[in-house]
>>> print(open('target-v3.cif').read())   # mmCIF, C-alpha atoms
data_query
#
loop_
_atom_site.label_atom_id
_atom_site.label_comp_id
_atom_site.auth_asym_id
_atom_site.auth_seq_id
_atom_site.Cartn_x
_atom_site.Cartn_y
_atom_site.Cartn_z
CA MET A 26 0.00 0.00 0.00
CA LEU A 27 2.63 2.55 1.01
CA GLY A 28 5.28 1.75 -1.62
CA ALA A 29 6.73 4.58 -3.74
CA THR A 30 5.46 8.06 -2.89
CA VAL A 31 6.14 11.63 -4.01
CA ARG A 32 6.26 14.47 -1.51
CA ILE A 33 4.06 17.35 -2.69
CA ALA A 34 3.82 19.61 0.35
CA THR A 35 4.47 20.10 4.04
CA LEU A 36 1.51 21.24 6.14
CA MET A 37 1.89 22.10 9.83
CA GLY A 38 5.30 20.46 9.72
CA ILE A 39 3.91 17.16 8.37
CA PRO A 40 5.05 15.87 4.96
CA VAL A 41 2.14 15.23 2.56
CA LYS A 42 2.89 12.55 -0.03
CA VAL A 43 1.03 11.10 -2.98
CA HIS A 44 1.22 7.39 -3.75
CA TRP A 45 2.19 6.63 -7.34
CA THR A 46 -1.07 4.73 -7.92
CA PHE A 47 -3.01 7.98 -7.43
CA ALA A 48 -2.45 8.72 -11.14
CA PHE A 49 -4.71 5.78 -11.99
CA PHE A 50 -7.53 7.43 -10.08
CA PHE A 51 -7.63 10.23 -12.65
CA VAL A 52 -7.67 7.63 -15.42
CA TRP A 53 -10.70 6.09 -13.73
CA VAL A 54 -12.35 9.54 -13.34
CA ILE A 55 -11.88 10.29 -17.04
CA TYR A 56 -13.29 6.85 -17.90
CA ILE A 57 -16.37 7.55 -15.75
CA ALA A 58 -16.77 10.96 -17.39
CA GLN A 59 -16.73 9.37 -20.84
CA ARG A 60 -19.31 6.77 -19.79
CA MET A 61 -21.53 9.59 -18.49
CA GLY A 62 -21.19 11.39 -21.82
CA LEU A 63 -19.63 14.51 -20.28
CA ASP A 64 -18.03 17.06 -22.60
CA MET A 65 -14.41 18.21 -22.21
CA ALA A 66 -15.27 21.16 -19.94
CA ALA A 67 -17.33 18.98 -17.59
CA THR A 68 -14.56 16.36 -17.54
CA PHE A 69 -12.04 19.01 -16.47
CA ARG A 70 -14.46 20.21 -13.79
CA LEU A 71 -14.78 16.64 -12.54
CA CYS A 72 -10.97 16.31 -12.34
CA GLY A 73 -10.79 19.66 -10.54
CA PHE A 74 -13.46 18.52 -8.13
CA THR A 75 -11.43 15.37 -7.46
CA ILE A 76 -8.40 17.48 -6.52
CA VAL A 77 -10.50 19.62 -4.15
CA LEU A 78 -12.04 16.48 -2.68
CA PHE A 79 -8.65 15.01 -1.89
CA PHE A 80 -7.60 18.30 -0.35
CA CYS A 81 -10.53 17.79 2.03
CA VAL A 82 -9.12 14.31 2.70
CA VAL A 83 -5.73 15.87 3.54
CA LEU A 84 -7.45 18.26 5.97
CA HIS A 85 -9.25 15.23 7.45
CA GLU A 86 -5.91 13.53 8.07
CA LEU A 87 -4.45 16.74 9.52
CA GLY A 88 -7.32 16.64 12.01
CA HIS A 89 -6.11 13.25 13.20
CA ALA A 90 -2.50 14.45 13.29
CA ARG A 91 -3.20 17.62 15.26
CA MET A 92 -5.30 15.78 17.82
CA ALA A 93 -2.60 13.10 18.11
CA SER A 94 0.02 15.79 18.77
CA ARG A 95 -2.01 16.92 21.80
CA PHE A 96 -1.28 13.51 23.31
CA GLY A 97 2.40 13.59 22.44
CA VAL A 98 2.08 11.37 19.36
CA ARG A 99 4.10 12.45 16.32
CA THR A 100 2.85 11.99 12.74
CA LEU A 101 5.43 10.67 10.29
CA ASP A 102 3.55 11.78 7.18
CA ILE A 103 0.24 11.83 5.35
CA ILE A 104 -0.07 9.63 2.27
CA ILE A 105 -2.79 10.10 -0.35
CA SER A 106 -3.80 7.09 -2.42
CA PRO A 107 -6.72 6.25 -4.76
CA ILE A 108 -8.76 4.87 -1.85
CA GLY A 109 -8.18 7.75 0.55
CA GLY A 110 -5.59 9.05 2.96
CA ILE A 111 -3.41 7.63 5.70
CA ALA A 112 -1.94 9.60 8.59
CA ARG A 113 0.98 7.49 9.80
CA LEU A 114 1.36 7.99 13.53
CA MET A 115 4.39 6.83 15.48
CA ARG A 116 2.07 4.98 17.81
CA ILE A 117 -1.58 4.57 18.79
CA PRO A 118 -2.37 5.81 22.31
CA GLU A 119 -3.25 3.08 24.77
CA LYS A 120 -5.86 5.17 26.58
CA PRO A 121 -9.25 4.54 24.92
CA ARG A 122 -10.32 8.16 25.40
CA GLU A 123 -7.27 9.45 23.52
CA GLU A 124 -7.79 7.05 20.62
CA LEU A 125 -11.49 8.00 20.55
CA LEU A 126 -10.68 11.72 20.24
CA ILE A 127 -8.02 11.11 17.56
CA ALA A 128 -10.44 8.96 15.55
CA LEU A 129 -13.24 11.54 15.79
CA ALA A 130 -10.97 14.47 14.86
CA GLY A 131 -10.94 13.52 11.16
CA PRO A 132 -14.73 13.41 10.65
CA ALA A 133 -14.96 16.56 12.79
CA VAL A 134 -12.89 18.40 10.16
CA ASN A 135 -15.30 17.25 7.43
CA LEU A 136 -18.17 18.45 9.61
CA VAL A 137 -16.55 21.89 9.86
CA ILE A 138 -16.02 21.99 6.07
CA ALA A 139 -19.63 20.95 5.45
CA SER A 140 -20.89 23.55 7.94
CA VAL A 141 -18.92 26.36 6.27
CA LEU A 142 -20.20 25.27 2.84
CA PHE A 143 -23.78 25.12 4.15
CA ILE A 144 -23.55 28.67 5.52
CA LEU A 145 -22.05 29.98 2.27
CA LEU A 146 -24.61 28.22 0.09
CA HIS A 147 -27.65 28.91 2.27
CA PHE A 148 -27.03 32.59 3.00
CA PHE A 149 -24.97 33.84 0.07
CA THR A 150 -26.26 31.99 -3.02
CA ALA A 151 -29.70 31.82 -4.62
CA GLN A 152 -29.29 28.12 -5.45
CA GLY A 153 -28.54 27.04 -1.88
CA ILE A 154 -27.60 23.39 -1.45
CA ASP A 155 -29.92 22.20 -4.21
CA ILE A 156 -28.57 20.31 -7.23
CA VAL A 157 -29.43 21.83 -10.62
CA GLY A 158 -30.15 19.62 -13.66
CA ASP A 159 -29.79 15.87 -14.04
CA PRO A 160 -28.44 14.41 -10.75
CA ALA A 161 -26.65 11.71 -12.76
CA LYS A 162 -24.65 14.47 -14.50
CA LEU A 163 -24.53 17.02 -11.68
CA ILE A 164 -20.99 18.11 -12.51
CA GLU A 165 -22.16 19.42 -15.91
CA GLU A 166 -23.55 22.51 -14.21
CA PRO A 167 -20.70 24.63 -12.68
CA SER A 168 -23.02 25.95 -9.95
CA ASN A 169 -23.32 22.39 -8.58
CA PHE A 170 -19.63 22.35 -7.58
CA LEU A 171 -20.05 23.62 -3.99
CA PRO A 172 -23.34 21.78 -3.26
CA PHE A 173 -21.70 18.56 -4.49
CA LEU A 174 -18.68 19.24 -2.27
CA PHE A 175 -21.06 19.77 0.67
CA ILE A 176 -22.77 16.43 -0.01
CA ILE A 177 -19.45 14.59 -0.42
CA ASN A 178 -18.15 15.89 2.92
CA LEU A 179 -21.30 14.61 4.62
CA ALA A 180 -20.76 11.28 2.82
CA LEU A 181 -17.13 11.18 4.07
CA ILE A 182 -18.35 11.63 7.64
CA ALA A 183 -20.89 8.81 7.31
CA PHE A 184 -18.52 6.48 5.46
CA ASN A 185 -15.59 6.96 7.82
CA LEU A 186 -17.78 6.30 10.86
CA VAL A 187 -18.69 2.83 9.61
CA PRO A 188 -17.37 0.59 12.45
CA ALA A 189 -14.70 -1.24 10.43
CA PHE A 190 -10.91 -0.99 10.56
CA PRO A 191 -9.01 0.94 9.38
CA MET A 192 -11.72 3.57 9.09
CA ASP A 193 -12.35 5.98 11.92
CA GLY A 194 -15.55 4.22 12.95
CA GLY A 195 -13.61 1.02 13.60
CA ARG A 196 -11.28 2.87 15.94
CA VAL A 197 -14.17 4.62 17.66
CA PHE A 198 -15.85 1.24 18.16
CA ARG A 199 -12.62 -0.34 19.46
CA SER A 200 -11.97 2.54 21.86
CA LEU A 201 -15.51 2.29 23.27
CA LEU A 202 -15.09 -1.47 23.75
CA ALA A 203 -11.68 -0.89 25.35
CA MET A 204 -13.37 1.16 28.06
CA ARG A 205 -15.09 -2.06 29.14
CA MET A 206 -12.49 -4.75 28.36
CA ASP A 207 -8.78 -5.16 27.64
CA ARG A 208 -7.37 -3.78 24.38
CA VAL A 209 -6.70 -7.16 22.78
CA ARG A 210 -10.27 -8.43 23.31
CA ALA A 211 -11.69 -5.07 22.18
CA THR A 212 -9.64 -5.26 18.98
CA LYS A 213 -10.71 -8.85 18.40
CA TRP A 214 -14.41 -7.96 18.54
CA ALA A 215 -13.94 -4.78 16.49
CA ALA A 216 -12.01 -6.77 13.87
CA ARG A 217 -14.82 -9.34 13.66
CA VAL A 218 -17.36 -6.60 12.99
CA GLY A 219 -14.93 -5.14 10.44
CA HIS A 220 -14.75 -8.51 8.67
CA ILE A 221 -18.55 -8.72 8.38
CA ILE A 222 -18.81 -5.19 6.99
CA ALA A 223 -15.88 -5.77 4.61
CA VAL A 224 -17.51 -8.91 3.18
CA GLY A 225 -20.66 -6.84 2.68
CA PHE A 226 -18.64 -4.17 0.81
CA VAL A 227 -17.09 -6.79 -1.45
CA ALA A 228 -20.38 -8.58 -2.18
CA PHE A 229 -22.32 -5.37 -2.81
CA GLY A 230 -19.49 -3.93 -4.90
CA PHE A 231 -19.36 -6.93 -7.24
CA TRP A 232 -23.16 -7.10 -7.39
CA GLN A 233 -23.42 -3.45 -8.41
CA GLY A 234 -20.29 -3.51 -10.57
CA ASP A 235 -18.65 -1.00 -8.23
CA PHE A 236 -15.14 -2.43 -8.14
CA VAL A 237 -13.79 0.51 -6.13
CA LEU A 238 -16.14 -0.39 -3.25
CA ALA A 239 -15.17 -4.06 -3.63
CA PHE A 240 -11.48 -3.11 -3.45
CA ILE A 241 -12.12 -1.01 -0.34
CA GLY A 242 -13.87 -4.04 1.18
CA ILE A 243 -10.84 -6.23 0.51
CA PHE A 244 -8.57 -3.55 1.98
CA VAL A 245 -10.74 -3.33 5.11
CA LEU A 246 -10.78 -7.13 5.41
CA VAL A 247 -6.99 -7.36 5.31
CA SER A 248 -6.50 -4.31 7.55
CA ALA A 249 -8.88 -5.56 10.25
CA SER A 250 -6.94 -8.82 10.49
CA GLY A 251 -3.63 -6.94 10.49
CA GLU A 252 -4.81 -4.62 13.24
CA TYR A 253 -5.71 -7.53 15.49
CA ARG A 254 -2.35 -9.23 14.89
CA SER A 255 -0.54 -5.96 15.54
CA VAL A 256 -2.32 -5.31 18.84
CA LYS A 257 -1.72 -8.90 19.89
CA ARG A 258 1.95 -8.49 19.18
CA GLU A 259 2.06 -5.21 21.07
CA SER A 260 0.53 -7.01 24.05
CA MET A 261 3.25 -9.65 23.83
CA LEU A 262 5.91 -6.94 23.64
CA GLU A 263 4.39 -5.28 26.69
CA GLU A 264 4.86 -8.50 28.63
CA GLY A 265 8.45 -9.05 27.45
CA THR A 266 11.54 -7.26 28.79
CA VAL A 267 14.97 -6.26 27.52
CA LYS A 268 16.60 -9.23 29.24
CA GLU A 269 14.91 -11.50 26.66
CA VAL A 270 16.72 -9.85 23.74
CA VAL A 271 19.96 -8.59 25.28
CA ARG A 272 23.15 -9.84 23.59
CA HIS A 273 25.84 -10.37 26.21
CA GLN A 274 28.65 -10.98 23.73
CA TYR A 275 29.49 -7.72 21.96
CA THR A 276 32.48 -5.77 20.71
CA ALA A 277 33.27 -2.31 22.07
CA LEU A 278 35.73 -0.27 20.03
CA ASP A 279 38.09 2.52 21.08
CA ALA A 280 37.47 6.00 19.72
CA ASN A 281 40.96 6.09 18.20
CA ASP A 282 40.70 2.71 16.46
CA PRO A 283 40.70 3.01 12.67
CA LEU A 284 37.35 2.65 10.93
CA GLN A 285 38.94 -0.22 9.02
CA LYS A 286 38.77 -2.31 12.20
CA ALA A 287 35.01 -1.76 12.49
CA HIS A 288 34.61 -2.54 8.79
CA ASP A 289 36.54 -5.80 9.10
CA LEU A 290 34.60 -6.88 12.19
CA SER A 291 31.32 -6.08 10.47
CA ARG A 292 32.22 -8.21 7.45
CA ALA A 293 33.59 -11.07 9.55
CA GLY A 294 30.76 -11.52 12.05
CA GLY A 295 27.16 -10.81 12.87
CA GLU A 296 27.80 -7.40 14.45
CA ARG A 297 27.02 -4.38 12.31
CA ASP A 298 26.79 -1.58 14.89
CA PHE A 299 29.25 -0.96 17.71
CA LEU A 300 29.58 0.82 21.04
CA VAL A 301 32.60 3.14 21.23
CA ARG A 302 34.58 3.61 24.44
CA ASP A 303 36.61 6.56 25.67
CA ALA A 304 40.07 6.26 27.21
CA TRP A 305 38.59 5.35 30.62
CA GLY A 306 36.31 2.61 29.30
CA GLY A 307 33.11 4.65 29.44
CA ILE A 308 30.65 4.79 26.57
CA LEU A 309 31.52 7.68 24.30
CA GLY A 310 28.99 6.99 21.57
CA VAL A 311 27.93 4.51 18.90
CA LEU A 312 29.12 3.67 15.42
CA HIS A 313 26.24 2.82 13.11
CA ALA A 314 26.56 0.43 10.17
CA GLU A 315 25.51 3.30 7.89
CA PHE A 316 28.48 5.37 9.10
CA ILE A 317 30.90 2.52 8.40
CA GLU A 318 29.52 2.17 4.88
CA ALA A 319 29.76 5.94 4.33
CA ALA A 320 33.41 5.87 5.43
CA ARG A 321 34.11 3.02 3.02
CA LYS A 322 32.54 4.90 0.10
CA ASP A 323 34.50 8.04 1.01
CA ASP A 324 37.71 6.01 1.28
CA HIS A 325 38.07 7.12 4.91
CA LEU A 326 38.51 3.72 6.57
CA HIS A 327 42.01 4.78 7.63
CA GLN A 328 40.58 7.57 9.79
CA PRO A 329 39.85 7.11 13.53
CA ILE A 330 36.37 6.02 14.59
CA HIS A 331 35.63 9.25 16.46
CA THR A 332 35.44 11.12 13.13
CA TYR A 333 32.26 9.17 12.27
CA LEU A 334 30.99 8.73 15.81
CA SER A 335 27.42 9.45 16.94
CA SER A 336 27.27 10.75 20.50
CA SER A 337 23.51 10.14 20.63
CA PHE A 338 22.60 6.99 22.57
CA GLU A 339 20.36 5.85 25.39
CA VAL A 340 21.14 3.33 28.12
CA VAL A 341 18.37 0.90 29.08
CA THR A 342 18.00 -1.57 31.93
CA PRO A 343 17.02 -5.27 31.68
CA ASP A 344 13.55 -4.64 33.14
CA VAL A 345 12.44 -2.14 30.45
CA ASN A 346 9.51 -3.67 28.56
CA LEU A 347 10.01 -4.45 24.90
CA ARG A 348 7.28 -2.16 23.66
CA ASN A 349 9.07 0.83 25.18
CA LEU A 350 12.32 -0.44 23.67
CA VAL A 351 10.73 -0.66 20.19
CA THR A 352 9.46 2.91 20.62
CA ILE A 353 12.95 4.09 21.57
CA PHE A 354 14.43 2.51 18.43
CA GLN A 355 11.69 3.95 16.22
CA GLU A 356 11.48 7.47 17.57
CA LYS A 357 15.21 8.02 18.17
CA GLY A 358 16.45 6.13 15.10
CA TYR A 359 18.97 4.11 17.12
CA SER A 360 20.64 1.02 15.73
CA ILE A 361 22.13 -0.19 19.04
CA VAL A 362 21.58 0.57 22.72
CA PRO A 363 23.74 -0.41 25.72
CA VAL A 364 22.15 -2.39 28.55
CA GLN A 365 23.26 -1.75 32.11
CA HIS A 366 22.32 -3.29 35.44
CA ALA A 367 23.25 -1.56 38.68
CA GLY A 368 25.55 0.73 36.69
CA GLU A 369 27.46 -2.14 35.07
CA MET A 370 27.39 -3.00 31.37
CA ILE A 371 25.82 -6.41 30.76
CA GLY A 372 25.28 -6.30 26.99
CA VAL A 373 23.58 -4.58 24.06
CA VAL A 374 20.41 -4.75 22.02
CA ASP A 375 20.85 -4.00 18.34
CA ARG A 376 18.38 -3.27 15.60
CA ASN A 377 18.85 -6.65 13.93
CA GLY A 378 18.27 -8.68 17.11
CA LEU A 379 15.20 -6.66 18.04
CA THR A 380 13.77 -7.00 14.52
CA GLN A 381 14.18 -10.77 14.61
CA TYR A 382 12.36 -10.94 17.93
CA VAL A 383 9.51 -8.72 16.70
CA LYS A 384 9.08 -10.91 13.63
CA LYS A 385 8.47 -13.89 15.87
CA THR A 386 5.66 -12.28 17.75
CA PRO A 387 3.20 -8.03 12.51
CA LYS A 388 4.35 -3.78 11.27
CA LEU A 389 4.27 -1.13 13.85
CA TRP A 390 1.85 1.71 13.65
CA ALA A 391 0.21 2.97 10.43
CA TYR A 392 -2.90 4.72 11.58
CA LYS A 393 -5.95 4.77 9.36
CA ASN A 394 -7.51 5.16 5.98
CA SER A 395 -10.10 7.79 5.00
#
>>> encode(input="target-v3.cif", output="structure tokens")
Amino acid sequence: MLGATVRIATLMGIPVKVHWTFAFFFVWVIYIAQRMGLDMAATFRLCGFTIVLFFCVVLHELGHARMASRFGVRTLDIIISPIGGIARLMRIPEKPREELLIALAGPAVNLVIASVLFILLHFFTAQGIDIVGDPAKLIEEPSNFLPFLFIINLALIAFNLVPAFPMDGGRVFRSLLAMRMDRVRATKWAARVGHIIAVGFVAFGFWQGDFVLAFIGIFVLVSASGEYRSVKRESMLEEGTVKEVVRHQYTALDANDPLQKAHDLSRAGGERDFLVRDAWGGILGVLHAEFIEAARKDDHLHQPIHTYLSSSFEVVTPDVNLRNLVTIFQEKGYSIVPVQHAGEMIGVVDRNGLTQYVKKTPKLWAYKNS
């Protein structure tokens, strides 16, 4: 789903990207216009309407992002695809109330847009919110543009509140259930409802020849299952601790060692990232595999390690739960962290070892689809 994207803007500090498959949506719009018998001008209006519609979708996703930021959750980016938008959050809040507010923030934006359009149309135009001409070809009449946009925003509210993952309604439903039961059970029941609705989308879509709705149903079906697996895994990570993934055998390098030594060790064994010590044996920083590769490409392997050293690192203890550890790796971008007990070094956890453990127990947090 996420694949190759193109960054088109940055809004409120959040990158907005378009998935490459979005181009096919315009092909589909033009095909629909031809089937409807629209002339060239109406076809261009329909394409313009599509762009405005997806801008509303971006605002919808910004609603999620801004609400999430109030709870200390960062948004990686917003991705627009043919079937809607995705605001990719670093994590989903555990508190049901916070997830409820984040889920409702998107439809709330559409409600604001629809309210503004209603006021404009009702008080400042003679046509109001009425559609002029043949409803099957409503885009033929330019004056229908804003009434149609009003109707579509209401439709987005209703559609997104359908209680099926990954739509907002599924998260609202899960958060309400989570107020009465544990998160895993709440997700299980919400996913089951999502499966039923998704099968209905697929069946109705094929029956009516609406393959877009059928595709959305398949997407919801897969996403509901993925959400349940993800939450189950998060629960397992919550129960696990650093001591289950710590590697006691590790190599610590001196700051004045040549980068060639790190390169040779990396090629010879399973270690790719290294702790770097100062002259007194304390941790000075870390040497990431990416830095070693950069030094090789720059022909700088003869230089001392401290020239490519990262002084950013975080020490953890064996009792830290694995979910917090995963969050540290994700949010800080670390590739290796030292593990200490009672002030003494007992080992490290590296990106590779943590990834292998996570694979045993499904992808961290992509939020929702509009």
>>> resolve_selection(input="target-v3.cif", expression="the PyMOL selection byres ((chain A and resi 356-369) around 7)", output="list of chain:residue names")
A:Asp298, A:His313, A:Phe338, A:Glu339, A:Val340, A:Val341, A:Thr342, A:Pro343, A:Thr352, A:Ile353, A:Phe354, A:Gln355, A:Met370, A:Ile371, A:Gly372, A:Val373, A:Val374, A:Asp375, A:Arg376
>>> atom_distance(input="target-v3.cif", atom1="atom CA of A:Ala277", atom2="atom CA of A:Arg302")
6.5 Å
>>> closest_atom_pairs(input="target-v3.cif", of="stretch 93-171 of chain A", to="stretch 252-274 of chain A", cutoff="12 Å", atoms="only C-alpha atoms", output="tab-separated table")
residue	atom	partner	partner_atom	distance
A:Arg116	CA	A:Glu259	CA	10.7
A:Ile117	CA	A:Val256	CA	9.9
A:Pro118	CA	A:Val256	CA	11.6
A:Glu119	CA	A:Val256	CA	10.3
>>> residues_around(input="target-v3.cif", residues="A:His288", least_positions_apart="3", cutoff="8 Å", atoms="only C-alpha atoms", output="list in words")
Leu284, Gln285, Ser291, Arg292, Ile317, Glu318 and Leu326 of chain A
>>> atom_distance(input="target-v3.cif", atom1="atom CA of A:Arg217", atom2="atom CA of A:Leu202")
12.8 Å
>>> residues_around(input="target-v3.cif", residues="A:Ile104", least_positions_apart="5", cutoff="9 Å", atoms="all atoms listed in the file", output="list in words")
Leu27, Thr30, Arg32, Pro40, Val41, Lys42, Val43, His44, Val83, Gly109, Gly110, Ile111, Ala112 and Arg113 of chain A
>>> atom_distance(input="target-v3.cif", atom1="atom CA of A:Glu123", atom2="atom CA of A:Gly194")
14.4 Å
>>> closest_atom_pairs(input="target-v3.cif", of="stretch 142-251 of chain A", to="stretch 89-95 of chain A", cutoff="12 Å", atoms="all atoms listed in the file", output="JSON lines")
{"residue": "A:Met192", "atom": "CA", "partner": "A:His89", "partner_atom": "CA", "distance": 11.9}
{"residue": "A:Asp193", "atom": "CA", "partner": "A:His89", "partner_atom": "CA", "distance": 9.7}
{"residue": "A:Arg196", "atom": "CA", "partner": "A:His89", "partner_atom": "CA", "distance": 11.9}
>>> residues_around(input="target-v3.cif", residues="A:Thr332", least_positions_apart="6", cutoff="10 Å", atoms="all atoms listed in the file", output="list of chain:residue names")
A:Ala280, A:Asn281, A:Pro283, A:Leu284, A:Phe316, A:Ala320, A:His325
>>> closest_residue(input="target-v3.cif", among="A:Ser250, A:Gln233, A:Thr46, A:Ser337", to="A:Val218", atoms="all atoms listed in the file")
A:Ser250
>>> closest_residue(input="target-v3.cif", among="A:Glu124, A:Asp64, A:Asp279, A:Glu166", to="A:Ile308", atoms="all atoms listed in the file")
A:Asp279
>>> resolve_selection(input="target-v3.cif", expression="the PyMOL selection byres ((chain A and resi 173) around 10)", output="list in words")
Phe74, Ile154, Asp155, Ile156, Leu163, Ile164, Ser168, Asn169, Phe170, Leu171, Pro172, Leu174, Phe175, Ile176, Ile177, Asn178 and Leu179 of chain A
>>> decode(input="target-v3.cif", residues="stretch 208-251 of chain A", atoms="C-alpha atoms", output="mmCIF file, in the first residue's frame")
data_model
loop_
_atom_site.group_PDB
_atom_site.id
_atom_site.type_symbol
_atom_site.label_atom_id
_atom_site.label_comp_id
_atom_site.auth_asym_id
_atom_site.auth_seq_id
_atom_site.Cartn_x
_atom_site.Cartn_y
_atom_site.Cartn_z
ATOM 1 C CA ARG A 208 -7.373 -3.780 24.384
ATOM 2 C CA VAL A 209 -6.695 -7.165 22.778
ATOM 3 C CA ARG A 210 -10.272 -8.427 23.310
ATOM 4 C CA ALA A 211 -11.685 -5.074 22.180
ATOM 5 C CA THR A 212 -9.644 -5.257 18.982
ATOM 6 C CA LYS A 213 -10.709 -8.853 18.403
ATOM 7 C CA TRP A 214 -14.410 -7.957 18.539
ATOM 8 C CA ALA A 215 -13.940 -4.780 16.489
ATOM 9 C CA ALA A 216 -12.011 -6.770 13.868
ATOM 10 C CA ARG A 217 -14.817 -9.338 13.656
ATOM 11 C CA VAL A 218 -17.360 -6.599 12.992
ATOM 12 C CA GLY A 219 -14.933 -5.142 10.443
ATOM 13 C CA HIS A 220 -14.749 -8.512 8.671
ATOM 14 C CA ILE A 221 -18.549 -8.724 8.383
ATOM 15 C CA ILE A 222 -18.806 -5.195 6.991
ATOM 16 C CA ALA A 223 -15.879 -5.773 4.610
ATOM 17 C CA VAL A 224 -17.509 -8.909 3.177
ATOM 18 C CA GLY A 225 -20.660 -6.837 2.684
ATOM 19 C CA PHE A 226 -18.642 -4.173 0.814
ATOM 20 C CA VAL A 227 -17.085 -6.794 -1.455
ATOM 21 C CA ALA A 228 -20.383 -8.581 -2.175
ATOM 22 C CA PHE A 229 -22.322 -5.368 -2.808
ATOM 23 C CA GLY A 230 -19.487 -3.935 -4.897
ATOM 24 C CA PHE A 231 -19.357 -6.927 -7.235
ATOM 25 C CA TRP A 232 -23.163 -7.102 -7.390
ATOM 26 C CA GLN A 233 -23.421 -3.452 -8.410
ATOM 27 C CA GLY A 234 -20.289 -3.513 -10.573
ATOM 28 C CA ASP A 235 -18.648 -0.996 -8.227
ATOM 29 C CA PHE A 236 -15.137 -2.433 -8.139
ATOM 30 C CA VAL A 237 -13.790 0.507 -6.126
ATOM 31 C CA LEU A 238 -16.138 -0.394 -3.250
ATOM 32 C CA ALA A 239 -15.169 -4.063 -3.630
ATOM 33 C CA PHE A 240 -11.484 -3.109 -3.453
ATOM 34 C CA ILE A 241 -12.115 -1.012 -0.338
ATOM 35 C CA GLY A 242 -13.871 -4.040 1.185
ATOM 36 C CA ILE A 243 -10.838 -6.231 0.506
ATOM 37 C CA PHE A 244 -8.568 -3.552 1.976
ATOM 38 C CA VAL A 245 -10.737 -3.328 5.113
ATOM 39 C CA LEU A 246 -10.784 -7.127 5.409
ATOM 40 C CA VAL A 247 -6.992 -7.358 5.309
ATOM 41 C CA SER A 248 -6.497 -4.309 7.552
ATOM 42 C CA ALA A 249 -8.885 -5.565 10.249
ATOM 43 C CA SER A 250 -6.937 -8.817 10.492
ATOM 44 C CA GLY A 251 -3.634 -6.945 10.490
#
